file query-v2.csv (CSV, C-alpha atoms and all ligand atoms)
chain,number,residue,atom,x,y,z
U,1,MET,CA,11.7,-26.0,-8.8
U,2,ILE,CA,13.9,-23.0,-9.8
U,3,GLU,CA,16.4,-21.4,-7.4
U,4,VAL,CA,18.4,-18.4,-8.5
U,5,THR,CA,20.9,-17.3,-6.0
U,6,ASP,CA,23.0,-14.1,-6.2
U,7,LEU,CA,23.1,-14.2,-9.9
U,8,THR,CA,25.2,-11.6,-11.8
U,9,LYS,CA,25.8,-11.3,-15.6
U,10,ARG,CA,28.1,-8.7,-16.9
U,11,TYR,CA,28.6,-7.9,-20.6
U,12,ARG,CA,31.8,-5.9,-20.8
U,13,ARG,CA,30.7,-2.6,-19.4
U,14,VAL,CA,27.1,-3.4,-18.8
U,15,ILE,CA,25.8,-5.3,-15.7
U,16,ALA,CA,22.7,-6.9,-17.1
U,17,VAL,CA,21.8,-8.9,-14.0
U,18,ASP,CA,23.1,-7.7,-10.6
U,19,HIS,CA,23.1,-10.1,-7.6
U,20,MET,CA,19.6,-11.3,-8.3
U,21,SER,CA,17.9,-14.0,-6.3
U,22,LEU,CA,14.5,-15.6,-6.8
U,23,THR,CA,12.7,-18.9,-6.1
U,24,VAL,CA,10.0,-20.4,-8.2
U,25,PRO,CA,8.1,-23.3,-6.4
U,26,ALA,CA,6.9,-26.3,-8.4
U,27,GLY,CA,3.5,-25.5,-10.1
U,28,ALA,CA,3.9,-21.7,-9.8
U,29,ILE,CA,3.4,-19.2,-12.5
U,30,TYR,CA,6.1,-16.6,-11.8
U,31,GLY,CA,5.7,-13.2,-13.6
U,32,LEU,CA,9.0,-11.4,-14.2
U,33,ILE,CA,8.2,-7.7,-14.7
U,34,GLY,CA,10.6,-4.9,-15.8
U,35,ARG,CA,11.0,-2.3,-18.4
U,36,ASN,CA,13.1,-2.8,-21.5
U,37,GLY,CA,16.7,-3.6,-20.6
U,38,ALA,CA,15.9,-4.5,-17.0
U,39,GLY,CA,17.6,-7.9,-17.4
U,40,LYS,CA,14.6,-10.2,-17.9
U,41,THR,CA,15.8,-11.9,-21.0
U,42,THR,CA,19.3,-12.4,-19.7
U,43,THR,CA,18.0,-14.0,-16.5
U,44,MET,CA,15.7,-16.3,-18.5
U,45,ARG,CA,18.5,-17.3,-20.9
U,46,ILE,CA,20.8,-18.2,-18.0
U,47,ILE,CA,18.0,-20.3,-16.3
U,48,SER,CA,17.6,-22.0,-19.7
U,49,THR,CA,21.3,-22.8,-20.0
U,50,LEU,CA,21.7,-20.7,-23.1
U,51,LEU,CA,24.0,-18.2,-21.4
U,52,HIS,CA,26.7,-18.5,-18.7
U,53,PRO,CA,26.4,-16.4,-15.6
U,54,THR,CA,29.3,-14.2,-14.5
U,55,SER,CA,28.7,-15.4,-10.9
U,56,GLY,CA,26.0,-16.8,-8.7
U,57,ARG,CA,24.1,-20.1,-8.9
U,58,VAL,CA,21.0,-21.3,-10.7
U,59,ARG,CA,19.4,-24.7,-10.0
U,60,VAL,CA,16.4,-26.2,-11.9
U,61,GLY,CA,14.8,-29.3,-10.4
U,62,GLY,CA,17.8,-29.6,-8.2
U,63,HIS,CA,20.3,-29.5,-11.1
U,64,ASP,CA,22.9,-26.7,-11.4
U,65,VAL,CA,22.7,-25.1,-14.9
U,66,MET,CA,26.5,-25.0,-15.1
U,67,VAL,CA,27.2,-28.5,-13.8
U,68,GLU,CA,24.4,-30.5,-15.4
U,69,PRO,CA,23.0,-28.4,-18.3
U,70,GLY,CA,21.8,-31.5,-20.2
U,71,LYS,CA,19.5,-32.5,-17.3
U,72,VAL,CA,18.2,-29.0,-17.0
U,73,ARG,CA,17.5,-28.8,-20.7
U,74,ARG,CA,15.4,-32.0,-20.5
U,75,LEU,CA,13.4,-30.5,-17.7
U,76,LEU,CA,12.6,-27.2,-19.4
U,77,GLY,CA,11.3,-25.6,-22.5
U,78,TYR,CA,12.3,-22.0,-23.5
U,79,MET,CA,10.3,-19.8,-25.8
U,80,PRO,CA,12.4,-16.7,-26.9
U,81,ASP,CA,10.8,-13.3,-27.3
U,82,PHE,CA,11.9,-13.4,-30.9
U,83,PHE,CA,11.6,-16.6,-32.9
U,84,GLY,CA,12.1,-17.8,-36.4
U,85,VAL,CA,9.8,-20.3,-37.9
U,86,TYR,CA,10.3,-22.3,-41.1
U,87,ASP,CA,7.6,-20.7,-43.2
U,88,ASP,CA,7.7,-23.3,-46.0
U,89,LEU,CA,6.5,-26.1,-43.7
U,90,LYS,CA,3.0,-27.1,-43.0
U,91,VAL,CA,1.9,-26.7,-39.3
U,92,TRP,CA,2.0,-30.4,-38.6
U,93,GLU,CA,5.4,-30.8,-40.4
U,94,TYR,CA,6.8,-28.0,-38.3
U,95,LEU,CA,6.0,-29.8,-35.0
U,96,ASP,CA,6.9,-33.2,-36.5
U,97,PHE,CA,10.3,-31.8,-37.5
U,98,TYR,CA,11.1,-30.6,-33.9
U,99,ALA,CA,9.7,-33.7,-32.3
U,100,ALA,CA,12.2,-35.7,-34.5
U,101,THR,CA,15.1,-33.4,-33.5
U,102,GLU,CA,14.1,-34.1,-29.9
U,103,GLY,CA,14.4,-37.8,-30.6
U,104,VAL,CA,10.7,-38.7,-30.4
U,105,PRO,CA,10.3,-42.0,-32.3
U,106,ALA,CA,8.5,-41.8,-35.7
U,107,ARG,CA,5.6,-44.0,-34.5
U,108,ARG,CA,4.8,-41.7,-31.6
U,109,ARG,CA,5.1,-38.5,-33.5
U,110,PRO,CA,1.7,-38.4,-35.3
U,111,GLY,CA,-0.2,-38.8,-32.0
U,112,MET,CA,1.9,-36.3,-30.2
U,113,VAL,CA,1.6,-33.7,-33.0
U,114,SER,CA,-2.2,-34.1,-33.0
U,115,ASP,CA,-2.3,-33.8,-29.1
U,116,LEU,CA,-0.2,-30.6,-29.2
U,117,LEU,CA,-2.2,-29.0,-32.0
U,118,GLU,CA,-5.3,-29.7,-30.0
U,119,LEU,CA,-3.8,-28.2,-26.9
U,120,VAL,CA,-2.8,-25.0,-28.6
U,121,ASP,CA,-6.1,-24.8,-30.6
U,122,LEU,CA,-4.5,-25.2,-34.0
U,123,ALA,CA,-5.9,-28.6,-35.0
U,124,PRO,CA,-8.0,-27.1,-37.8
U,125,LYS,CA,-4.8,-25.5,-39.2
U,126,ARG,CA,-2.7,-28.6,-39.4
U,127,GLU,CA,-2.5,-28.7,-43.2
U,128,GLU,CA,-1.8,-25.0,-43.6
U,129,TYR,CA,1.6,-23.4,-44.2
U,130,VAL,CA,3.2,-21.8,-41.2
U,131,ASP,CA,3.5,-18.4,-43.0
U,132,SER,CA,-0.3,-18.2,-43.5
U,133,LEU,CA,-0.9,-18.2,-39.7
U,134,SER,CA,-1.7,-15.0,-37.8
U,135,ARG,CA,0.9,-13.8,-35.3
U,136,GLY,CA,-1.1,-15.2,-32.4
U,137,MET,CA,-1.3,-18.6,-34.1
U,138,LYS,CA,2.4,-18.5,-34.8
U,139,GLN,CA,3.1,-17.7,-31.1
U,140,ARG,CA,0.9,-20.7,-30.0
U,141,LEU,CA,2.7,-22.9,-32.5
U,142,CYS,CA,6.0,-21.8,-31.0
U,143,LEU,CA,4.6,-22.7,-27.6
U,144,ALA,CA,3.6,-26.1,-28.9
U,145,HIS,CA,7.2,-26.5,-30.1
U,146,THR,CA,8.6,-25.8,-26.6
U,147,LEU,CA,6.3,-28.6,-25.3
U,148,VAL,CA,7.5,-31.3,-27.7
U,149,HIS,CA,9.8,-33.0,-25.1
U,150,ASP,CA,7.1,-32.6,-22.4
U,151,PRO,CA,9.1,-30.3,-20.1
U,152,GLN,CA,8.0,-29.7,-16.5
U,153,VAL,CA,9.2,-26.1,-16.6
U,154,LEU,CA,8.4,-23.5,-19.2
U,155,ILE,CA,10.4,-20.3,-19.6
U,156,LEU,CA,8.4,-17.9,-21.8
U,157,ASP,CA,9.9,-14.5,-22.8
U,158,GLU,CA,7.1,-12.1,-23.5
U,159,PRO,CA,4.8,-14.7,-25.1
U,160,ALA,CA,2.0,-12.1,-25.5
U,161,SER,CA,4.1,-9.4,-27.1
U,162,GLY,CA,2.8,-8.1,-30.4
U,163,LEU,CA,-0.5,-9.9,-30.0
U,164,ASP,CA,-3.9,-8.3,-30.4
U,165,PRO,CA,-6.2,-8.4,-27.3
U,166,ARG,CA,-8.1,-11.5,-28.5
U,167,ALA,CA,-4.9,-13.4,-29.2
U,168,ARG,CA,-3.6,-12.3,-25.8
U,169,ILE,CA,-6.6,-13.7,-24.0
U,170,GLU,CA,-6.2,-17.0,-25.9
U,171,MET,CA,-2.5,-17.1,-24.9
U,172,ARG,CA,-3.5,-16.5,-21.3
U,173,GLU,CA,-6.1,-19.2,-21.3
U,174,LEU,CA,-3.5,-21.6,-22.7
U,175,LEU,CA,-1.0,-20.7,-20.0
U,176,LYS,CA,-3.7,-21.4,-17.4
U,177,GLU,CA,-4.4,-24.8,-18.9
U,178,LEU,CA,-0.7,-25.6,-18.8
U,179,ARG,CA,-0.6,-24.7,-15.2
U,180,THR,CA,-3.5,-27.1,-14.5
U,181,MET,CA,-1.3,-29.7,-16.2
U,182,GLY,CA,1.2,-29.2,-13.5
U,183,LYS,CA,3.8,-27.1,-15.4
U,184,THR,CA,5.9,-24.6,-13.6
U,185,ILE,CA,6.0,-21.4,-15.7
U,186,VAL,CA,8.2,-18.3,-15.7
U,187,ILE,CA,6.8,-15.6,-17.9
U,188,SER,CA,8.0,-12.1,-18.6
U,189,SER,CA,5.7,-9.4,-19.6
U,190,HIS,CA,5.0,-5.7,-19.7
U,191,ILE,CA,1.2,-6.1,-19.5
U,192,LEU,CA,0.8,-6.0,-15.7
U,193,SER,CA,-2.9,-6.4,-15.4
U,194,GLU,CA,-2.7,-9.7,-17.3
U,195,LEU,CA,0.0,-10.9,-15.0
U,196,ALA,CA,-2.1,-10.1,-11.9
U,197,ASP,CA,-4.8,-12.4,-13.3
U,198,LEU,CA,-2.5,-15.2,-14.3
U,199,CYS,CA,0.5,-15.3,-11.9
U,200,THR,CA,0.9,-16.9,-8.5
U,201,HIS,CA,4.2,-15.1,-7.9
U,202,ILE,CA,5.7,-11.8,-9.1
U,203,GLY,CA,9.2,-10.4,-9.4
U,204,ILE,CA,9.8,-6.8,-10.3
U,205,VAL,CA,13.2,-6.3,-11.9
U,206,GLU,CA,14.9,-2.9,-12.4
U,207,GLY,CA,18.5,-2.2,-13.5
U,208,GLY,CA,19.3,-5.9,-13.2
U,209,LYS,CA,18.2,-6.1,-9.6
U,210,MET,CA,15.1,-7.7,-8.0
U,211,VAL,CA,13.3,-4.9,-6.3
U,212,VAL,CA,10.1,-6.6,-5.2
U,213,SER,CA,9.3,-10.3,-5.2
U,214,GLY,CA,6.9,-12.7,-3.5
U,215,THR,CA,3.6,-14.4,-3.9
U,216,LEU,CA,0.9,-12.2,-5.6
U,217,ASP,CA,-0.7,-11.7,-2.2
U,218,GLU,CA,2.6,-10.6,-0.6
U,219,VAL,CA,3.3,-8.2,-3.4
U,220,LEU,CA,-0.3,-6.7,-3.5
U,221,TYR,CA,-1.1,-6.8,0.2
U,222,GLY,CA,2.1,-7.5,2.2
U,223,ARG,CA,3.5,-4.0,2.2
U,224,THR,CA,4.3,-2.3,5.4
U,225,ARG,CA,4.6,1.2,4.2
U,226,GLY,CA,2.2,3.7,2.8
U,227,ARG,CA,-0.9,1.6,3.1
U,228,LEU,CA,-4.1,3.6,2.5
U,229,VAL,CA,-7.0,2.7,4.8
U,230,ARG,CA,-10.5,4.1,5.0
U,231,LEU,CA,-12.6,4.1,8.2
U,232,ARG,CA,-16.3,5.1,8.7
U,233,LEU,CA,-17.9,5.5,12.0
U,234,ALA,CA,-21.4,4.6,13.0
U,235,PRO,CA,-23.5,7.7,13.9
U,236,GLY,CA,-22.8,8.7,17.5
U,237,GLU,CA,-20.9,11.1,19.7
U,238,GLN,CA,-17.6,10.8,17.9
U,239,THR,CA,-17.3,12.6,14.6
U,240,PRO,CA,-15.0,11.8,11.6
U,241,GLU,CA,-13.0,14.9,12.6
U,242,ASP,CA,-12.5,13.4,16.1
U,243,LEU,CA,-11.2,10.2,14.6
U,244,ALA,CA,-8.9,12.0,12.1
U,245,ALA,CA,-7.5,14.1,15.1
U,246,ARG,CA,-6.9,10.9,17.1
U,247,LEU,CA,-5.2,9.1,14.1
U,248,ASP,CA,-2.9,12.1,13.6
U,249,HIS,CA,-1.5,11.4,17.0
U,250,GLU,CA,-0.7,7.8,16.2
U,251,PRO,CA,3.0,7.2,15.4
U,252,LEU,CA,2.1,4.7,12.6
U,253,VAL,CA,-0.1,7.2,10.8
U,254,ARG,CA,1.5,9.5,8.3
U,255,GLY,CA,-1.6,11.6,7.9
U,256,ALA,CA,-5.4,11.4,8.1
U,257,ALA,CA,-8.1,13.4,6.2
U,258,VAL,CA,-11.8,13.6,6.4
U,259,LEU,CA,-13.7,12.9,3.2
U,260,GLY,CA,-17.4,13.4,4.1
U,261,SER,CA,-18.3,10.6,6.5
U,262,VAL,CA,-15.1,8.7,5.7
U,263,VAL,CA,-11.6,9.1,7.3
U,264,GLU,CA,-8.7,8.2,5.0
U,265,ALA,CA,-5.3,7.5,6.6
U,266,THR,CA,-1.9,6.6,5.3
U,267,VAL,CA,-0.4,4.1,7.6
U,268,ASP,CA,3.1,2.4,7.9
U,269,ALA,CA,2.1,-0.9,9.4
U,270,ASP,CA,2.0,-4.6,8.7
U,271,ASP,CA,-1.3,-6.5,9.1
U,272,ALA,CA,-0.8,-7.2,12.8
U,273,ALA,CA,-0.1,-3.6,13.6
U,274,LEU,CA,-3.1,-2.5,11.5
U,275,ALA,CA,-5.4,-5.0,13.4
U,276,ASP,CA,-3.9,-3.7,16.7
U,277,LEU,CA,-4.6,-0.1,15.8
U,278,LEU,CA,-8.2,-0.9,14.9
U,279,GLY,CA,-8.7,-2.8,18.2
U,280,ARG,CA,-7.4,0.2,20.2
U,281,LEU,CA,-9.7,2.6,18.3
U,282,VAL,CA,-12.7,0.5,19.1
U,283,ARG,CA,-11.7,0.1,22.8
U,284,GLU,CA,-11.3,3.9,23.0
U,285,GLY,CA,-15.0,4.2,22.0
U,286,PHE,CA,-14.8,4.9,18.3
U,287,PRO,CA,-17.7,3.0,16.8
U,288,VAL,CA,-15.9,1.8,13.6
U,289,ALA,CA,-18.6,0.5,11.2
U,290,SER,CA,-16.3,-0.1,8.3
U,291,PHE,CA,-12.5,-0.4,7.9
U,292,SER,CA,-11.0,-1.2,4.5
U,293,GLU,CA,-7.7,-1.0,2.7
U,294,MET,CA,-7.4,0.7,-0.7
U,295,THR,CA,-5.2,-1.9,-2.4
U,296,ASN,CA,-2.7,-0.8,-5.0
U,297,THR,CA,-2.8,-2.3,-8.4
U,298,LEU,CA,0.2,-4.2,-9.7
U,299,GLU,CA,0.7,-1.2,-12.0
U,300,GLU,CA,1.0,1.2,-9.1
U,301,ILE,CA,3.3,-1.1,-7.2
U,302,PHE,CA,5.5,-1.4,-10.3
U,303,LEU,CA,5.7,2.3,-10.7
U,304,GLN,CA,6.5,2.9,-7.0
U,305,ALA,CA,9.1,0.1,-7.0
U,306,THR,CA,10.9,1.4,-10.0
U,307,ALA,CA,10.5,5.2,-9.4
U,308,GLY,CA,13.7,7.1,-9.6
U,309,GLN,CA,15.8,4.0,-10.3
U,310,GLU,CA,18.5,4.1,-12.9
U,311,GLN,CA,18.6,2.2,-16.1
U,312,PRO,CA,21.0,-0.7,-16.2
U,313,ALA,CA,24.4,0.2,-14.9
U,314,GLU,CA,27.0,1.1,-17.5
U,315,GLY,CA,30.6,1.0,-16.3
U,316,ARG,CA,29.4,0.7,-12.7
U,317,GLU,CA,31.2,-1.8,-10.6
U,318,SER,CA,29.0,-4.1,-8.7
U,319,ALA,CA,29.6,-4.6,-5.0
U,401,LIG,P1,13.8,-6.4,-23.1
U,401,LIG,O1,12.4,-6.4,-22.6
U,401,LIG,O2,14.1,-5.1,-24.0
U,401,LIG,O3,14.2,-7.6,-23.8
U,401,LIG,P2,15.2,-7.2,-20.8
U,401,LIG,O4,14.6,-6.9,-19.5
U,401,LIG,O5,14.9,-8.6,-21.3
U,401,LIG,O6,14.7,-6.2,-21.9
U,401,LIG,P3,18.0,-7.8,-21.3
U,401,LIG,O7,17.7,-8.1,-22.7
U,401,LIG,O8,18.3,-8.9,-20.4
U,401,LIG,O9,16.8,-7.0,-20.7
U,401,LIG,O10,19.2,-6.8,-21.2
U,401,LIG,C1,19.7,-6.3,-20.0
U,401,LIG,C2,20.8,-5.3,-20.3
U,401,LIG,O11,21.9,-6.1,-20.8
U,401,LIG,C3,20.5,-4.2,-21.3
U,401,LIG,O12,21.2,-3.1,-20.9
U,401,LIG,C4,21.1,-4.8,-22.6
U,401,LIG,O13,21.4,-3.7,-23.5
U,401,LIG,C5,22.3,-5.5,-22.1
U,401,LIG,N1,22.6,-6.7,-23.0
U,401,LIG,C6,21.8,-7.7,-23.3
U,401,LIG,N2,22.5,-8.6,-24.1
U,401,LIG,C7,23.7,-8.1,-24.4
U,401,LIG,C8,24.8,-8.5,-25.1
U,401,LIG,N3,24.8,-9.6,-25.8
U,401,LIG,N4,25.9,-7.7,-25.1
U,401,LIG,C9,26.0,-6.5,-24.4
U,401,LIG,N5,24.9,-6.1,-23.7
U,401,LIG,C10,23.8,-6.8,-23.6
call {"tool": "encode", "arguments": {"input": "query-v2.csv", "output": "structure tokens"}}
result
Amino acid sequence: MIEVTDLTKRYRRVIAVDHMSLTVPAGAIYGLIGRNGAGKTTTMRIISTLLHPTSGRVRVGGHDVMVEPGKVRRLLGYMPDFFGVYDDLKVWEYLDFYAATEGVPARRRPGMVSDLLELVDLAPKREEYVDSLSRGMKQRLCLAHTLVHDPQVLILDEPASGLDPRARIEMRELLKELRTMGKTIVISSHILSELADLCTHIGIVEGGKMVVSGTLDEVLYGRTRGRLVRLRLAPGEQTPEDLAARLDHEPLVRGAAVLGSVVEATVDADDAALADLLGRLVREGFPVASFSEMTNTLEEIFLQATAGQEQPAEGRESA
């Protein structure tokens, strides 16, 4: 649904986005993670046709954002990280106003406004003034605003920022519901544990570059370096020390240590090589009773992926 290819955006001396590529399949929730200034907002604004790229290509639903921006805009809704709302409007008037600006005919607007308020759980607040709403409610109203033209794609820049834990949970439930309605969603966030629960795909951005990307499974389990596995032997002739000594001779194993009855090893291998290693150990007579991988959390993967990287390049020429 969204294809970003070799995208670069330069602001005078700053390279905000540096040869970035990513693919978001239809129906996915793609989580864009990165620290402040990593280039998330710039990427999202280019996808949403609000900024021109310096180079590279972005297609949404098959339409190039530079060639057919009108078609792209009809397909997507963009929710900025900072939004202004008209405080002197009632909740229903606010949505009605934006529905009118999107060209929704007057006779269809009352039904649409009610449906949207129901969806974002603001129906009981329809007669209240926007400025009387809590931050979480304003955020949900803003999301309803991006849904007025029934876009297939939603680009949401930090929709949970500044929300208390309860409001965050409500926002997350709402995004899950939008996904079941078939929307394709790109969401940026700093709250990694929430993205792991919500997203089907993850992209980690640092200094304008995509450093890790893929399905959630690929990102969490698809690594081929530094995988930590634990093995435990059934009682018998072979001891955990024998197993650790054997593993230390394995080229794929960086190191093995005995922790009571368990042997912990750090292995540079993909799934196939790991399965092969386990098979060989069993054939050699090690009675492996349990074999498990200690998976990293998204947080740990983010820290590893961004460790030692520079902040966005100032004055650096890109290749
Ligand atoms: P945040 O979470 O803080 O919004 P971000 O990951 O969204 O960060 P961007 O806002 O895309 O990052 O910014 C990427 C880089 O581009 C930063 O170094 C930022 O200072 C710079 N930048 C963004 N907008 C402009 C602009 N209009 N002019 C000059 N530099 C800019």
call {"tool": "residues_near_ligand", "arguments": {"input": "query-v2.csv", "ligand": "ligand LIG 401 (chain U)", "cutoff": "8 Å", "atoms": "only C-alpha atoms and all ligand atoms", "output": "JSON, numbers by chain"}}
result
{"U": [10, 11, 12, 13, 14, 15, 16, 17, 34, 35, 36, 37, 38, 39, 40, 41, 42, 43, 81, 157, 158, 189, 190, 205, 207, 208, 311, 312, 313, 314]}
call {"tool": "residues_around", "arguments": {"input": "query-v2.csv", "residues": "stretch 132-146 of chain U", "least_positions_apart": "5", "cutoff": "6 Å", "atoms": "all atoms listed in the file", "output": "list in words"}}
result
Gly77, Leu116, Val120, Leu163 and Ala167 of chain U
call {"tool": "write_last_selection", "arguments": {"input": "query-v2.csv", "atoms": "C-alpha atoms", "output": "compact mmCIF listing (two decimals), keeping the file's coordinate frame"}}
result
# COMPACT_ATOMS: atom_id res chain seq x y z
CA GLY U 77 11.30 -25.60 -22.50
CA LEU U 116 -0.20 -30.60 -29.20
CA VAL U 120 -2.80 -25.00 -28.60
CA LEU U 163 -0.50 -9.90 -30.00
CA ALA U 167 -4.90 -13.40 -29.20
call {"tool": "residues_around", "arguments": {"input": "query-v2.csv", "residues": "U:Ile155", "least_positions_apart": "2", "cutoff": "7 Å", "atoms": "all atoms listed in the file", "output": "ChimeraX atom specification"}}
result
/U:44,77-79,153,157,185-187
call {"tool": "closest_residue", "arguments": {"input": "query-v2.csv", "among": "U:Lys209, U:Arg108, U:Val113, U:Pro159", "to": "U:Asp96", "atoms": "all atoms listed in the file"}}
result
U:Val113
call {"tool": "closest_residue", "arguments": {"input": "query-v2.csv", "among": "U:Pro151, U:Leu119, U:Leu220, U:Lys71", "to": "U:Lys176", "atoms": "all atoms listed in the file"}}
result
U:Leu119
call {"tool": "residues_around", "arguments": {"input": "query-v2.csv", "residues": "U:Gln152", "least_positions_apart": "4", "cutoff": "10 Å", "atoms": "only C-alpha atoms", "output": "PyMOL selection string"}}
result
chain U and resi 1+26-27+61+74-77+147+178+181-185
call {"tool": "closest_residue", "arguments": {"input": "query-v2.csv", "among": "U:Arg225, U:Ile169, U:Val72, U:His19", "to": "U:Asp268", "atoms": "only C-alpha atoms"}}
result
U:Arg225
call {"tool": "residues_around", "arguments": {"input": "query-v2.csv", "residues": "stretch 123-129 of chain U", "least_positions_apart": "4", "cutoff": "8 Å", "atoms": "all atoms listed in the file", "output": "list in words"}}
result
Asp87, Asp88, Leu89, Lys90, Val91, Trp92, Ser114, Leu117, Glu118 and Leu133 of chain U
call {"tool": "closest_residue", "arguments": {"input": "query-v2.csv", "among": "U:Glu299, U:Glu194, U:Asp121, U:Asp115", "to": "U:Arg168", "atoms": "only C-alpha atoms"}}
result
U:Glu194
call {"tool": "atom_distance", "arguments": {"input": "query-v2.csv", "atom1": "atom CA of U:Pro240", "atom2": "atom CA of U:Gly260"}}
result
8.0 Å
call {"tool": "atom_distance", "arguments": {"input": "query-v2.csv", "atom1": "atom CA of U:Phe302", "atom2": "atom CA of U:Thr200"}}
result
16.3 Å
call {"tool": "atom_distance", "arguments": {"input": "query-v2.csv", "atom1": "atom CA of U:Arg246", "atom2": "atom CA of U:Glu284"}}
result
10.2 Å
